[in-house]
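Source file: final13.cif. Holds: mmCIF, C-alpha atoms.
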data_target
#
loop_
_atom_site.label_atom_id
_atom_site.label_comp_id
_atom_site.auth_asym_id
_atom_site.auth_seq_id
_atom_site.Cartn_x
_atom_site.Cartn_y
_atom_site.Cartn_z
CA MET A 258 -24.34 -30.48 24.09
CA SER A 259 -24.59 -30.05 20.32
CA LYS A 260 -25.82 -32.98 18.25
CA TYR A 261 -23.82 -32.68 15.03
CA ARG A 262 -20.95 -30.25 15.72
CA GLN A 263 -18.30 -32.96 15.45
CA ALA A 264 -19.77 -34.59 12.33
CA LEU A 265 -21.94 -32.29 10.21
CA PRO A 266 -24.19 -34.45 8.04
CA GLN A 267 -24.28 -32.08 5.05
CA LEU A 268 -20.59 -32.80 4.51
CA LYS A 269 -21.41 -36.42 3.80
CA GLY A 270 -23.79 -35.88 0.88
CA GLY A 271 -27.54 -35.76 0.41
CA VAL A 272 -29.71 -32.68 -0.07
CA PHE A 273 -30.51 -30.28 2.76
CA LEU A 274 -33.17 -27.60 2.58
CA THR A 275 -33.27 -24.33 4.50
CA ASP A 276 -35.97 -21.72 4.93
CA GLY A 277 -36.46 -18.72 2.64
CA GLY A 278 -36.46 -14.99 3.30
CA LEU A 279 -37.40 -14.72 6.95
CA GLU A 280 -37.50 -10.95 7.25
CA THR A 281 -39.16 -10.26 3.88
CA THR A 282 -41.82 -12.88 4.58
CA LEU A 283 -42.59 -11.44 8.00
CA VAL A 284 -42.68 -7.84 6.80
CA PHE A 285 -44.34 -8.11 3.40
CA LEU A 286 -46.49 -11.24 3.73
CA GLU A 287 -47.29 -11.36 7.46
CA GLY A 288 -47.42 -7.63 8.19
CA VAL A 289 -44.95 -7.85 11.06
CA GLU A 290 -43.04 -4.65 11.84
CA LEU A 291 -39.31 -5.27 12.09
CA SER A 292 -37.24 -2.25 13.07
CA TYR A 293 -33.94 -2.22 11.17
CA PHE A 294 -35.07 -5.48 9.53
CA ALA A 295 -34.19 -7.29 12.77
CA SER A 296 -36.15 -10.43 13.58
CA PHE A 297 -34.29 -11.46 16.73
CA PRO A 298 -36.47 -9.34 19.10
CA LEU A 299 -39.33 -11.73 18.27
CA ILE A 300 -37.54 -14.49 20.16
CA THR A 301 -37.98 -12.58 23.43
CA THR A 302 -41.79 -12.81 23.57
CA GLU A 303 -44.21 -15.72 23.48
CA SER A 304 -46.18 -14.20 20.59
CA GLY A 305 -42.96 -13.57 18.69
CA ARG A 306 -41.80 -17.14 19.12
CA GLU A 307 -45.17 -18.36 17.89
CA LYS A 308 -44.75 -16.22 14.74
CA LEU A 309 -41.34 -17.76 14.17
CA LYS A 310 -42.64 -21.27 14.72
CA ASN A 311 -45.43 -20.69 12.21
CA TYR A 312 -42.87 -19.34 9.76
CA PHE A 313 -40.56 -22.36 9.97
CA ARG A 314 -43.20 -25.09 9.93
CA PRO A 315 -44.00 -25.10 6.16
CA TYR A 316 -40.31 -25.43 5.32
CA ILE A 317 -39.72 -28.29 7.75
CA GLU A 318 -42.87 -29.99 6.48
CA LEU A 319 -41.45 -29.68 2.95
CA ALA A 320 -38.25 -31.41 4.07
CA LYS A 321 -40.40 -34.10 5.65
CA LEU A 322 -42.33 -34.53 2.39
CA LYS A 323 -39.14 -34.69 0.31
CA GLN A 324 -37.38 -36.91 2.88
CA VAL A 325 -34.29 -34.71 3.05
CA GLY A 326 -32.36 -33.03 5.82
CA PHE A 327 -32.95 -29.49 7.01
CA ILE A 328 -30.76 -26.71 8.38
CA LEU A 329 -32.52 -24.53 10.95
CA ASP A 330 -31.17 -20.98 11.16
CA THR A 331 -31.36 -18.83 14.27
CA PRO A 332 -33.11 -15.47 13.62
CA THR A 333 -29.95 -13.63 14.69
CA TRP A 334 -28.75 -11.93 11.49
CA ARG A 335 -29.06 -8.56 13.22
CA ALA A 336 -28.31 -9.78 16.77
CA SER A 337 -24.93 -8.06 17.12
CA PRO A 338 -23.91 -5.06 19.27
CA ASP A 339 -24.36 -2.13 16.86
CA TRP A 340 -27.83 -3.21 15.76
CA ALA A 341 -28.84 -4.12 19.31
CA GLU A 342 -27.93 -0.65 20.51
CA LYS A 343 -30.18 0.89 17.86
CA LEU A 344 -32.98 -1.40 19.02
CA GLY A 345 -32.52 -0.56 22.70
CA PHE A 346 -31.09 -3.94 23.71
CA SER A 347 -28.50 -3.92 26.48
CA PRO A 348 -25.48 -6.22 26.09
CA ASP A 349 -26.97 -8.70 28.57
CA ARG A 350 -30.34 -8.75 26.80
CA LEU A 351 -28.56 -9.27 23.48
CA ILE A 352 -26.62 -12.25 24.80
CA ALA A 353 -29.84 -13.69 26.22
CA ALA A 354 -31.62 -13.26 22.87
CA ASN A 355 -28.87 -15.14 21.04
CA ARG A 356 -29.01 -17.96 23.59
CA LEU A 357 -32.78 -18.12 23.45
CA SER A 358 -32.67 -18.32 19.65
CA VAL A 359 -30.70 -21.56 19.83
CA ASP A 360 -32.89 -22.96 22.60
CA PHE A 361 -35.97 -22.17 20.51
CA LEU A 362 -34.60 -24.20 17.59
CA VAL A 363 -33.63 -27.08 19.87
CA GLY A 364 -37.28 -27.29 20.88
CA LEU A 365 -38.40 -27.13 17.27
CA ARG A 366 -35.98 -29.93 16.38
CA GLN A 367 -37.42 -32.04 19.17
CA ASP A 368 -40.91 -31.51 17.73
CA TYR A 369 -39.75 -33.13 14.48
CA ALA A 370 -37.55 -35.86 15.93
CA GLY A 371 -37.85 -38.97 13.80
CA LEU A 372 -39.81 -37.09 11.14
CA VAL A 373 -37.07 -34.91 9.61
CA GLU A 374 -33.52 -36.20 9.88
CA PRO A 375 -30.92 -34.80 10.10
CA LEU A 376 -32.04 -31.43 11.43
CA VAL A 377 -29.00 -29.20 11.94
CA ILE A 378 -29.04 -26.08 14.14
CA ASN A 379 -27.13 -23.20 12.60
CA GLY A 380 -26.18 -20.03 14.47
CA VAL A 381 -26.43 -17.06 12.11
CA ILE A 382 -24.10 -14.06 12.18
CA GLY A 383 -24.77 -11.09 9.89
CA PRO A 384 -22.56 -8.22 8.79
CA ARG A 385 -21.81 -5.37 11.16
CA GLY A 386 -23.12 -2.90 8.60
CA ASP A 387 -25.64 -3.05 5.78
CA GLY A 388 -25.48 -6.32 3.88
CA TYR A 389 -26.01 -4.52 0.57
CA LYS A 390 -23.09 -2.13 0.77
CA VAL A 391 -19.74 -1.72 2.46
CA GLU A 392 -20.06 0.94 5.15
CA THR A 393 -17.59 0.92 8.04
CA ARG A 394 -14.82 -1.34 6.78
CA MET A 395 -13.10 -3.25 9.59
CA SER A 396 -9.76 -4.96 9.71
CA ALA A 397 -9.81 -8.70 10.41
CA GLU A 398 -8.78 -7.95 14.01
CA GLU A 399 -11.63 -5.48 14.48
CA ALA A 400 -14.12 -7.89 12.93
CA GLN A 401 -12.99 -10.68 15.23
CA ALA A 402 -13.50 -8.48 18.27
CA TYR A 403 -16.92 -7.30 17.09
CA HIS A 404 -18.32 -10.76 16.27
CA THR A 405 -16.81 -12.68 19.20
CA MET A 406 -19.86 -12.19 21.44
CA GLN A 407 -22.20 -14.08 19.12
CA MET A 408 -19.59 -16.73 18.35
CA LYS A 409 -19.04 -17.40 22.06
CA VAL A 410 -22.76 -17.69 22.73
CA PHE A 411 -23.15 -20.21 19.91
CA SER A 412 -20.07 -22.13 21.05
CA ASP A 413 -21.53 -22.45 24.55
CA SER A 414 -24.93 -23.56 23.21
CA GLU A 415 -26.34 -26.58 21.38
CA ALA A 416 -25.71 -24.95 17.99
CA ASP A 417 -24.08 -27.40 15.59
CA MET A 418 -22.40 -24.77 13.42
CA VAL A 419 -22.26 -21.06 12.56
CA THR A 420 -22.87 -19.34 9.23
CA ALA A 421 -21.81 -15.78 8.52
CA VAL A 422 -24.40 -14.53 6.05
CA THR A 423 -24.50 -11.67 3.53
CA LEU A 424 -20.85 -10.73 3.88
CA ASN A 425 -19.69 -8.13 1.39
CA TYR A 426 -15.94 -7.84 1.91
CA VAL A 427 -13.14 -10.24 2.76
CA ASP A 428 -11.70 -8.73 5.95
CA GLU A 429 -14.97 -9.15 7.84
CA ALA A 430 -15.07 -12.78 6.75
CA LEU A 431 -11.51 -13.25 7.99
CA GLY A 432 -12.38 -11.73 11.36
CA ILE A 433 -15.38 -14.02 11.79
CA MET A 434 -13.19 -16.95 10.78
CA ARG A 435 -10.72 -16.04 13.51
CA ALA A 436 -13.51 -15.84 16.07
CA ALA A 437 -14.85 -19.24 14.96
CA LYS A 438 -11.40 -20.81 15.14
CA ALA A 439 -10.82 -19.40 18.62
CA HIS A 440 -14.09 -20.94 19.81
CA LYS A 441 -13.71 -24.19 17.84
CA MET A 442 -16.93 -23.69 15.88
CA PRO A 443 -17.55 -25.15 12.40
CA LEU A 444 -18.00 -22.15 10.13
CA VAL A 445 -19.66 -21.43 6.80
CA ILE A 446 -18.95 -18.15 5.01
CA SER A 447 -21.71 -16.84 2.74
CA PHE A 448 -20.88 -13.94 0.43
CA THR A 449 -23.33 -11.73 -1.42
CA VAL A 450 -22.67 -10.25 -4.85
CA GLU A 451 -23.89 -7.41 -7.02
CA THR A 452 -25.44 -7.80 -10.49
CA ASP A 453 -21.91 -8.11 -11.96
CA GLY A 454 -21.14 -11.13 -9.81
CA ARG A 455 -18.62 -9.25 -7.67
CA LEU A 456 -18.84 -8.49 -3.96
CA PRO A 457 -20.06 -4.97 -3.11
CA SER A 458 -16.43 -4.26 -2.18
CA GLY A 459 -15.40 -4.97 -5.78
CA GLU A 460 -13.64 -8.26 -5.03
CA SER A 461 -14.48 -11.20 -7.24
CA LEU A 462 -16.26 -14.15 -5.67
CA ARG A 463 -13.35 -16.41 -6.60
CA GLU A 464 -10.84 -13.98 -5.08
CA ALA A 465 -12.87 -13.76 -1.87
CA ILE A 466 -13.13 -17.52 -1.40
CA GLU A 467 -9.53 -18.21 -2.33
CA THR A 468 -8.25 -15.44 -0.07
CA VAL A 469 -10.14 -16.69 2.98
CA ASP A 470 -8.97 -20.24 2.29
CA ARG A 471 -5.37 -19.18 1.80
CA VAL A 472 -5.22 -17.04 4.94
CA SER A 473 -7.18 -19.47 7.13
CA GLY A 474 -5.75 -22.75 5.90
CA ASN A 475 -9.17 -23.72 4.53
CA TYR A 476 -10.84 -23.27 7.92
CA PRO A 477 -14.42 -22.70 6.67
CA ILE A 478 -16.14 -26.04 6.19
CA TYR A 479 -17.67 -24.62 3.00
CA TYR A 480 -18.97 -21.46 1.37
CA MET A 481 -22.38 -20.22 0.28
CA ILE A 482 -23.79 -17.48 -1.93
CA ASN A 483 -26.80 -15.58 -0.66
CA CYS A 484 -28.92 -12.48 -1.24
CA ALA A 485 -28.43 -12.34 -5.03
CA HIS A 486 -30.34 -13.77 -7.98
CA PRO A 487 -28.62 -16.61 -9.89
CA GLU A 488 -28.43 -14.55 -13.07
CA HIS A 489 -26.09 -12.19 -11.20
CA PHE A 490 -23.40 -14.81 -10.62
CA GLU A 491 -24.00 -17.73 -13.00
CA ASP A 492 -21.42 -16.42 -15.48
CA VAL A 493 -18.63 -15.96 -12.91
CA LEU A 494 -18.68 -19.61 -11.85
CA SER A 495 -15.79 -20.50 -14.15
CA ALA A 496 -13.74 -23.65 -13.83
CA GLY A 497 -11.48 -24.09 -10.83
CA ALA A 498 -11.06 -25.98 -7.59
CA TRP A 499 -12.72 -23.09 -5.72
CA LEU A 500 -16.11 -24.12 -7.10
CA LYS A 501 -15.96 -27.33 -5.06
CA ARG A 502 -15.88 -25.22 -1.90
CA ILE A 503 -19.39 -23.87 -2.57
CA ARG A 504 -21.96 -26.17 -0.95
CA GLY A 505 -24.86 -23.82 -0.35
CA LEU A 506 -27.07 -21.34 -2.16
CA ARG A 507 -29.73 -19.01 -0.80
CA ALA A 508 -30.75 -16.79 -3.70
CA ASN A 509 -33.13 -13.85 -3.90
CA SER A 510 -36.42 -14.24 -5.72
CA SER A 511 -35.90 -10.98 -7.60
CA ALA A 512 -33.30 -10.20 -10.26
CA LYS A 513 -33.25 -6.55 -9.16
CA SER A 514 -30.06 -4.96 -7.89
CA HIS A 515 -29.43 -4.42 -4.19
CA ALA A 516 -30.07 -0.70 -4.64
CA GLU A 517 -33.42 -1.38 -6.31
CA LEU A 518 -34.42 -3.84 -3.57
CA ASP A 519 -33.42 -1.36 -0.89
CA ALA A 520 -35.80 1.20 -2.36
CA ALA A 521 -38.65 -1.25 -3.03
CA THR A 522 -41.95 -0.81 -1.22
CA GLU A 523 -43.48 -4.02 -2.58
CA LEU A 524 -42.21 -7.58 -2.59
CA ASP A 525 -40.93 -8.98 -5.89
CA ILE A 526 -41.42 -12.75 -5.70
CA GLY A 527 -40.01 -13.28 -9.19
CA ASP A 528 -40.71 -16.63 -10.86
CA PRO A 529 -40.40 -19.61 -8.49
CA GLU A 530 -40.32 -22.16 -11.31
CA ASN A 531 -37.56 -20.30 -13.12
CA LEU A 532 -35.61 -20.02 -9.89
CA GLY A 533 -35.91 -23.76 -9.37
CA ALA A 534 -34.65 -24.42 -12.89
CA ARG A 535 -31.66 -22.13 -12.32
CA TYR A 536 -30.77 -23.96 -9.11
CA SER A 537 -30.91 -27.27 -10.96
CA ALA A 538 -28.62 -25.92 -13.70
CA LEU A 539 -26.18 -24.56 -11.11
CA ARG A 540 -25.76 -28.01 -9.60
CA ALA A 541 -23.98 -28.97 -12.83
CA LYS A 542 -21.46 -26.15 -12.24
CA LEU A 543 -21.20 -26.65 -8.49
CA PRO A 544 -20.60 -30.37 -7.90
CA ASN A 545 -20.92 -30.10 -4.10
CA LEU A 546 -24.04 -27.93 -3.99
CA VAL A 547 -26.26 -29.70 -1.45
CA VAL A 548 -27.68 -26.93 0.79
CA LEU A 549 -30.63 -25.34 -0.99
CA GLY A 550 -32.55 -22.39 0.41
CA GLY A 551 -33.81 -18.91 -0.26
CA CYS A 552 -33.15 -15.33 0.72
CA CYS A 553 -35.03 -12.06 0.20
CA GLY A 554 -38.45 -12.46 -1.38
CA THR A 555 -38.53 -16.25 -1.26
CA ASP A 556 -41.02 -18.34 0.68
CA HIS A 557 -42.18 -21.97 0.76
CA ARG A 558 -43.41 -21.69 -2.85
CA HIS A 559 -39.88 -21.02 -4.04
CA LEU A 560 -38.41 -23.80 -1.90
CA THR A 561 -41.00 -26.19 -3.27
CA ALA A 562 -40.02 -25.29 -6.84
CA ILE A 563 -36.31 -25.53 -6.00
CA SER A 564 -36.65 -28.94 -4.33
CA ASP A 565 -38.88 -30.23 -7.13
CA ALA A 566 -36.35 -29.22 -9.78
CA CYS A 567 -33.22 -30.34 -7.97
CA LEU A 568 -34.48 -33.60 -6.50
CA ALA A 569 -36.06 -34.59 -9.79
CA ALA A 570 -32.72 -33.97 -11.51
#
Just dump the structure as structure tokens.
Amino acid sequence: MSKYRQALPQLKGGVFLTDGGLETTLVFLEGVELSYFASFPLITTESGREKLKNYFRPYIELAKLKQVGFILDTPTWRASPDWAEKLGFSPDRLIAANRLSVDFLVGLRQDYAGLVEPLVINGVIGPRGDGYKVETRMSAEEAQAYHTMQMKVFSDSEADMVTAVTLNYVDEALGIMRAAKAHKMPLVISFTVETDGRLPSGESLREAIETVDRVSGNYPIYYMINCAHPEHFEDVLSAGAWLKRIRGLRANSSAKSHAELDAATELDIGDPENLGARYSALRAKLPNLVVLGGCCGTDHRHLTAISDACLAA
């Protein structure tokens, strides 16, 4: 049985940290080979689980130090059928990997019981295609069908919630929303944007959030922005009720475009202190911003700078 599914603590206030860029840290800093940038196969081996545990520990220790909550993400951004097929995972092995990812985090939460509270378990769903560009565009119905497997696994597990991360067009978000609603799962939608602050599909961030809310009757519990540097979207956060729907931010360390990052052979860690200052400034624009984390290129140094800046403010 899930611990917080019926009453998510981040909706009640207080700051919650997340981890940083899982895949970029493993590949560029730890030298781990991840085919198709997929980290979920690690969950299937003892050595892989140990790598994941070592990755998460500094972030959870930071939350312990700062005395704030933490949201633990399953390493399942690529754990959907198309990517699994490329990786040689059968449907049954894929379902098992998603289940094991939640079980792994349940164990990690138990390790920190009484030390970091609340510790929320979040099932992660990624885009069907490349997060940086719109490839095969699905209808909402097609997206619902594609993402239902992961949603059902998370619904049947101890996951407290689900977040759809790095979405780049509205119809896929609507399909995931429909799957979440069908399985009664609390859902967060996290969009990514290009350097002009618009989704890779060309839709504005405001349009995307307002469309999903209008069509779904405000089903998502909140929205996030991820996989973009703050300077890419700071200027599009104009006044409006839609800004109150954004509760989370997981920015990239680098101000480079998605195309530049895709072609990069070295990690650009940017300026952690500057990133922290930008997060702090964004909290003035986003009154409900309480979930603070990182995406590509970020590690515990960036989360330390972010928490220092935001908690001090």
Using all atoms listed in the file, tabulate the residues of segment 350-454 of chain A lying at most 8 Å from any atom of segment 460-469 of chain A, each with its closest atom pair and that distance in Å to one decimal, by chain and increasing residue number, as a Markdown table.
| residue | atom | partner | partner_atom | distance |
| --- | --- | --- | --- | --- |
| A:Tyr426 | CA | A:Glu460 | CA | 7.3 |
| A:Val427 | CA | A:Ala465 | CA | 5.8 |
| A:Ala430 | CA | A:Val469 | CA | 7.3 |
| A:Leu431 | CA | A:Val469 | CA | 6.2 |
| A:Phe448 | CA | A:Leu462 | CA | 7.7 |
| A:Val450 | CA | A:Leu462 | CA | 7.5 |
| A:Gly454 | CA | A:Leu462 | CA | 7.1 |
(Q) Taking all atoms listed in the file into account, name the residue in A:Thr452, A:Thr522, A:Asn355, A:Ser564 that is nearest to Gln324 of chain A. (A)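 Using all atoms listed in the file, Gln324 of chain A sits closest to A:Ser564.
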Dump as a tab-separated table the rows for residues of segment 434-480 of chain A within 12 Å of segment 258-262 of chain A: closest atom pair and distance in Å with one decimal, all atoms listed in the file counted, ordered by chain and rising residue number.
residue	atom	partner	partner_atom	distance
A:Lys441	CA	A:Arg262	CA	9.7
A:Met442	CA	A:Arg262	CA	7.7
A:Pro443	CA	A:Arg262	CA	7.0
A:Leu444	CA	A:Arg262	CA	10.3
A:Ile478	CA	A:Arg262	CA	11.5
Q) With all atoms listed in the file as the basis for distance, which of A:Gly277, A:Pro544, A:Pro315, A:Pro338 is at the shortest distance from Met406 of chain A? A)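 That would be A:Pro338, the residue with the smallest distance to Met406 of chain A.
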For segment 272-284 of chain A, take all atoms listed in the file, fit an axis-aligned box around them, add 5 Å to each of the six sides, then output centre and edge lengths in Å rounded to one decimal, as JSON.
{"center_x": -36.2, "center_y": -20.3, "center_z": 4.0, "size_x": 23.0, "size_y": 34.8, "size_z": 18.1}
Q: Starting from the shown file, work through the PyMOL selection byres ((chain A and resi 513-517) around 10) and note down what comes out as a PyMOL selection string.
A: chain A and resi 388-390+449-453+457+484-486+489+509-512+518-522+525+527
Would you mind exporting the chosen residues as a PDB file, keeping the file's coordinate frame, restricted to C-alpha atoms?
ATOM      1  CA  GLY A 388     -25.480  -6.320   3.880  1.00  0.00           C
ATOM      2  CA  TYR A 389     -26.010  -4.520   0.570  1.00  0.00           C
ATOM      3  CA  LYS A 390     -23.090  -2.130   0.770  1.00  0.00           C
ATOM      4  CA  THR A 449     -23.330 -11.730  -1.420  1.00  0.00           C
ATOM      5  CA  VAL A 450     -22.670 -10.250  -4.850  1.00  0.00           C
ATOM      6  CA  GLU A 451     -23.890  -7.410  -7.020  1.00  0.00           C
ATOM      7  CA  THR A 452     -25.440  -7.800 -10.490  1.00  0.00           C
ATOM      8  CA  ASP A 453     -21.910  -8.110 -11.960  1.00  0.00           C
ATOM      9  CA  PRO A 457     -20.060  -4.970  -3.110  1.00  0.00           C
ATOM     10  CA  CYS A 484     -28.920 -12.480  -1.240  1.00  0.00           C
ATOM     11  CA  ALA A 485     -28.430 -12.340  -5.030  1.00  0.00           C
ATOM     12  CA  HIS A 486     -30.340 -13.770  -7.980  1.00  0.00           C
ATOM     13  CA  HIS A 489     -26.090 -12.190 -11.200  1.00  0.00           C
ATOM     14  CA  ASN A 509     -33.130 -13.850  -3.900  1.00  0.00           C
ATOM     15  CA  SER A 510     -36.420 -14.240  -5.720  1.00  0.00           C
ATOM     16  CA  SER A 511     -35.900 -10.980  -7.600  1.00  0.00           C
ATOM     17  CA  ALA A 512     -33.300 -10.200 -10.260  1.00  0.00           C
ATOM     18  CA  LEU A 518     -34.420  -3.840  -3.570  1.00  0.00           C
ATOM     19  CA  ASP A 519     -33.420  -1.360  -0.890  1.00  0.00           C
ATOM     20  CA  ALA A 520     -35.800   1.200  -2.360  1.00  0.00           C
ATOM     21  CA  ALA A 521     -38.650  -1.250  -3.030  1.00  0.00           C
ATOM     22  CA  THR A 522     -41.950  -0.810  -1.220  1.00  0.00           C
ATOM     23  CA  ASP A 525     -40.930  -8.980  -5.890  1.00  0.00           C
ATOM     24  CA  GLY A 527     -40.010 -13.280  -9.190  1.00  0.00           C
TER      25      GLY A 527
END
Q: For the structure provided, state which residues fall under the PyMOL selection byres ((chain A and resi 269) around 12), and present them as a list in words.
A: Ala264, Leu265, Pro266, Gln267, Leu268, Gly270, Gly271, Val272, Phe273, Gly326, Pro375, Ile478, Arg504, Asn545, Leu546, Val547 and Val548 of chain A
Using only C-alpha atoms, please write the residues we just selected to a file, as an mmCIF file, in the frame of the given file.
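File written: result_37.cif
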data_model
loop_
_atom_site.group_PDB
_atom_site.id
_atom_site.type_symbol
_atom_site.label_atom_id
_atom_site.label_comp_id
_atom_site.auth_asym_id
_atom_site.auth_seq_id
_atom_site.Cartn_x
_atom_site.Cartn_y
_atom_site.Cartn_z
ATOM 1 C CA ALA A 264 -19.770 -34.590 12.330
ATOM 2 C CA LEU A 265 -21.940 -32.290 10.210
ATOM 3 C CA PRO A 266 -24.190 -34.450 8.040
ATOM 4 C CA GLN A 267 -24.280 -32.080 5.050
ATOM 5 C CA LEU A 268 -20.590 -32.800 4.510
ATOM 6 C CA GLY A 270 -23.790 -35.880 0.880
ATOM 7 C CA GLY A 271 -27.540 -35.760 0.410
ATOM 8 C CA VAL A 272 -29.710 -32.680 -0.070
ATOM 9 C CA PHE A 273 -30.510 -30.280 2.760
ATOM 10 C CA GLY A 326 -32.360 -33.030 5.820
ATOM 11 C CA PRO A 375 -30.920 -34.800 10.100
ATOM 12 C CA ILE A 478 -16.140 -26.040 6.190
ATOM 13 C CA ARG A 504 -21.960 -26.170 -0.950
ATOM 14 C CA ASN A 545 -20.920 -30.100 -4.100
ATOM 15 C CA LEU A 546 -24.040 -27.930 -3.990
ATOM 16 C CA VAL A 547 -26.260 -29.700 -1.450
ATOM 17 C CA VAL A 548 -27.680 -26.930 0.790
#
Q. Quick one: residues within 12 Å of Lys323 of chain A, all atoms listed in the file counted, chain neighbours fewer than 2 positions away excluded, as a PyMOL selection string?
A. chain A and resi 271-274+316-321+325-327+372-374+560-569
